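These notes concern the structure reproduced below.
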Amino acid sequence: MPTDAPATGSSGSSGNAAQAPAATDVIHDIGYRHYDGPRLGRGYARRSLFTQSLRAAYGLGRSAKSKVPPALLFGIMCLVALIIVAVAVGTGMDELPLDYTDYAIYLQPVIFLFIAAQAPVSVSRDLRFRTVPLYFSRPVERLDYVSAKYAAMASALFVLTATPLLVLYVGALLAKLDFTDQTKGFAQALVSAALLSLLFAGIGLAIAALTPRRGFGVAAVIAAFTVPFGAVSALQGIAWEQDNLGAIGWFALFSPIGLIDNVQSTFLGATPATASPEPVDPSTAAGTVALLVALAVAAGCFLFLLRRYRKAGL
Amino acid sequence: MLYHPTVARLTGRAILGRRRALILLLLPVLLIVISIVVRALVGADDEVTADLLGGFALATMVPLIGVIAGTGAIGPEIDDSSIVYLLAKPVPRPTIILTKLIVAVGVTAAFSALPTLVAGFILGGNGSRLAVAYALAAAVASVAYAAFFLMLGTISRHAVVFGLVYALVWEALLGSLVDGVKTLSIQQWALAVGEKIGQGGHVVSDVALPVATVLLVVVTAGATWFAAQRLRSLTLAGEE
């Protein structure tokens, strides 16, 4: 500004002094057409953000390189289910070699890796390339952005955890296993998978939204899942050796997968996957508290994300 | 010249700068807090010490810190292309890799082997020499993990993911199901070294010490050499 002012002043005084004040600011109509079409509004923007984020979680609509990790992890999840079904059918078993509810517990590293790899894809890049302010310059509100991202990540996780269950279920029915038994187990596992998706998506997104660096986000998310699991497993092993079986269920409250395990062992008829030589059922109180803690953590992560985006920049 | 102080300083800052050191510090602090609690509740017990140090410190903490330090030493620089400013300097690329490796090994050992030693003394006062055995195993594992993950950092942009796939799926998941996998696991090689020191049969490895030593040396040297080769012919690409 200070460099401009003397320039216009000198041209005004040396040149045509009478014309300078007459040149008022005018916006010329240079013939651009106005947009008269329908305005699709907030709901549409929210739905689009949800679909785009869900597709991005599996690398759809992105480069071939970014399709590799999610496709690989999804492939492992389904392949193991296929092998189990093939073995069960091939050897003529009268039930599947594992419960539906056990599946996510056995393959937890794959689920950890999926959320760790894809949560930063969903939120960190928007932060790193400063596209978040662009979203909020549209009719999208903070609540829309957060709920669309959260719902998309939870749905992606549900697809990851429920598809292999579906493979197992279809395989079991084709093998003519008992229909009511299988349907009951399948339905129970689906409920558990839904809770798992909700909880894991919340934790993953909340941590990933803290860092604009993708690599560091991946490591931080995986640490949040595996470190409590490792610590809790070690403590459960010690509690078993000390014959303190009541403590085992309560220790599980301190790890995300332990929460899910407690809930499904208490309410969904699953065999607990505690780190002890034999499974130890958590008390009903530990199961109920686990359910409450899981829901509270998911809600807490959502509220945290809302707070996180109050300032749209870094 | 194999060590370049400026490169070392920059790498150290990349791994530990800003709040990253605090986050890295969380893991050792957690280990020591758990150790104090367990010691207070259970008392000194070799079995418990072996469970906690083997199950948590060596199986979870060391690989995780190895991934963060190993890939963090070079990954972010390649990711945002700022490595070109380093490569444009008259520093031999093997020197760059070796310096980064030294820093990564130092960070991993400082944040994993040292706390393991402290936790071992808290848990059992070095009974059956478990504290020293596990700390040494952690230190040996630090070197191999750092070299391996540093190499991954030069190969792929998704190095963190692939590093974690190795640590979690290969070593932890498949290692507990398929016995043959344990032969090709840095964790087991490091445990073989610890087995030699620990008494009372608490430190157990599935690999014999001579084999483990050879494999450790081969992997560390091979990964470092390959990383240097990769850096010599590095192509930079934009964000996908």
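Each chain in the structure tokens gets a letter, A, B, ..., in the order shown, and its residues are numbered from 1; ligands are numbered from 1 in order too.
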Taking only C-alpha atoms into account, find every residue of chain B that has an atom no more than 6 Å from chain A, and write it out as a tab-separated table (two decimals) with N, CA and C atoms, in the first residue's frame.
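As a result, out19.tsv now contains:
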```tsv
chain	number	residue	atom	x	y	z
B	48	VAL	N	7.50	-63.59	36.24
B	48	VAL	CA	6.78	-62.35	35.92
B	48	VAL	C	7.67	-61.40	35.13
B	52	LEU	N	6.84	-59.96	31.37
B	52	LEU	CA	6.65	-58.54	31.06
B	52	LEU	C	7.71	-58.05	30.08
B	55	GLY	N	7.18	-60.26	26.79
B	55	GLY	CA	5.89	-60.08	26.13
B	55	GLY	C	5.61	-58.65	25.73
B	56	PHE	N	6.04	-57.71	26.55
B	56	PHE	CA	5.71	-56.32	26.25
B	56	PHE	C	6.92	-55.56	25.71
```
Worksheet item: Could you pull the residues within 10 Å of Thr288 (chain A), counting only C-alpha atoms, minus those fewer than 5 positions along the same chain, as a ChimeraX atom specification?
Response: /A:259,262-263,266-267,282-283,293-294
Would you save the residues of that selection, restricted to N, CA, C and O atoms, as a PDB file, in the first residue's frame?
```pdb
ATOM      1  N   LEU A 259     -11.743 -54.199  25.400  1.00  0.00           N
ATOM      2  CA  LEU A 259     -13.115 -53.724  25.621  1.00  0.00           C
ATOM      3  C   LEU A 259     -14.083 -54.547  24.795  1.00  0.00           C
ATOM      4  O   LEU A 259     -15.112 -55.035  25.290  1.00  0.00           O
ATOM      5  N   ASN A 262     -14.376 -58.083  26.125  1.00  0.00           N
ATOM      6  CA  ASN A 262     -15.217 -58.152  27.325  1.00  0.00           C
ATOM      7  C   ASN A 262     -16.691 -58.071  26.976  1.00  0.00           C
ATOM      8  O   ASN A 262     -17.498 -58.836  27.482  1.00  0.00           O
ATOM      9  N   VAL A 263     -17.044 -57.118  26.095  1.00  0.00           N
ATOM     10  CA  VAL A 263     -18.452 -56.915  25.751  1.00  0.00           C
ATOM     11  C   VAL A 263     -19.009 -58.169  25.090  1.00  0.00           C
ATOM     12  O   VAL A 263     -20.074 -58.666  25.467  1.00  0.00           O
ATOM     13  N   THR A 266     -19.409 -61.119  27.465  1.00  0.00           N
ATOM     14  CA  THR A 266     -20.472 -60.981  28.448  1.00  0.00           C
ATOM     15  C   THR A 266     -21.850 -61.044  27.808  1.00  0.00           C
ATOM     16  O   THR A 266     -22.741 -61.734  28.299  1.00  0.00           O
ATOM     17  N   PHE A 267     -22.023 -60.324  26.686  1.00  0.00           N
ATOM     18  CA  PHE A 267     -23.367 -60.171  26.135  1.00  0.00           C
ATOM     19  C   PHE A 267     -23.609 -60.985  24.869  1.00  0.00           C
ATOM     20  O   PHE A 267     -24.747 -61.226  24.507  1.00  0.00           O
ATOM     21  N   PRO A 282     -14.932 -62.696  31.876  1.00  0.00           N
ATOM     22  CA  PRO A 282     -14.992 -61.496  32.701  1.00  0.00           C
ATOM     23  C   PRO A 282     -16.300 -61.492  33.496  1.00  0.00           C
ATOM     24  O   PRO A 282     -17.295 -62.090  33.065  1.00  0.00           O
ATOM     25  N   SER A 283     -16.293 -60.843  34.648  1.00  0.00           N
ATOM     26  CA  SER A 283     -17.536 -60.732  35.414  1.00  0.00           C
ATOM     27  C   SER A 283     -18.515 -59.860  34.639  1.00  0.00           C
ATOM     28  O   SER A 283     -18.128 -59.081  33.762  1.00  0.00           O
ATOM     29  N   VAL A 293     -17.598 -48.004  28.737  1.00  0.00           N
ATOM     30  CA  VAL A 293     -16.331 -47.337  28.400  1.00  0.00           C
ATOM     31  C   VAL A 293     -16.181 -47.228  26.887  1.00  0.00           C
ATOM     32  O   VAL A 293     -15.798 -46.177  26.366  1.00  0.00           O
ATOM     33  N   ALA A 294     -16.514 -48.319  26.159  1.00  0.00           N
ATOM     34  CA  ALA A 294     -16.377 -48.298  24.699  1.00  0.00           C
ATOM     35  C   ALA A 294     -17.233 -47.185  24.098  1.00  0.00           C
ATOM     36  O   ALA A 294     -16.762 -46.411  23.251  1.00  0.00           O
TER      37      ALA A 294
END
```
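With distances restricted to only C-alpha atoms, B:Ala135 is the closest residue to Gly198 (chain B) from B:Val161, B:Val218, B:Ala172, B:Ala135.
Here CA of Gly180 (chain B) is placed at a distance of 25.9 Å from CA of Glu47 (chain B).
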Discussion item. With only C-alpha atoms as the counted atoms, please give the residues lying no more than 8 Å from Leu82 (chain A), apart from itself and same-chain residues fewer than 6 positions off, as a list in words.
Written reply: Pro164, Val167 and Leu168 of chain A
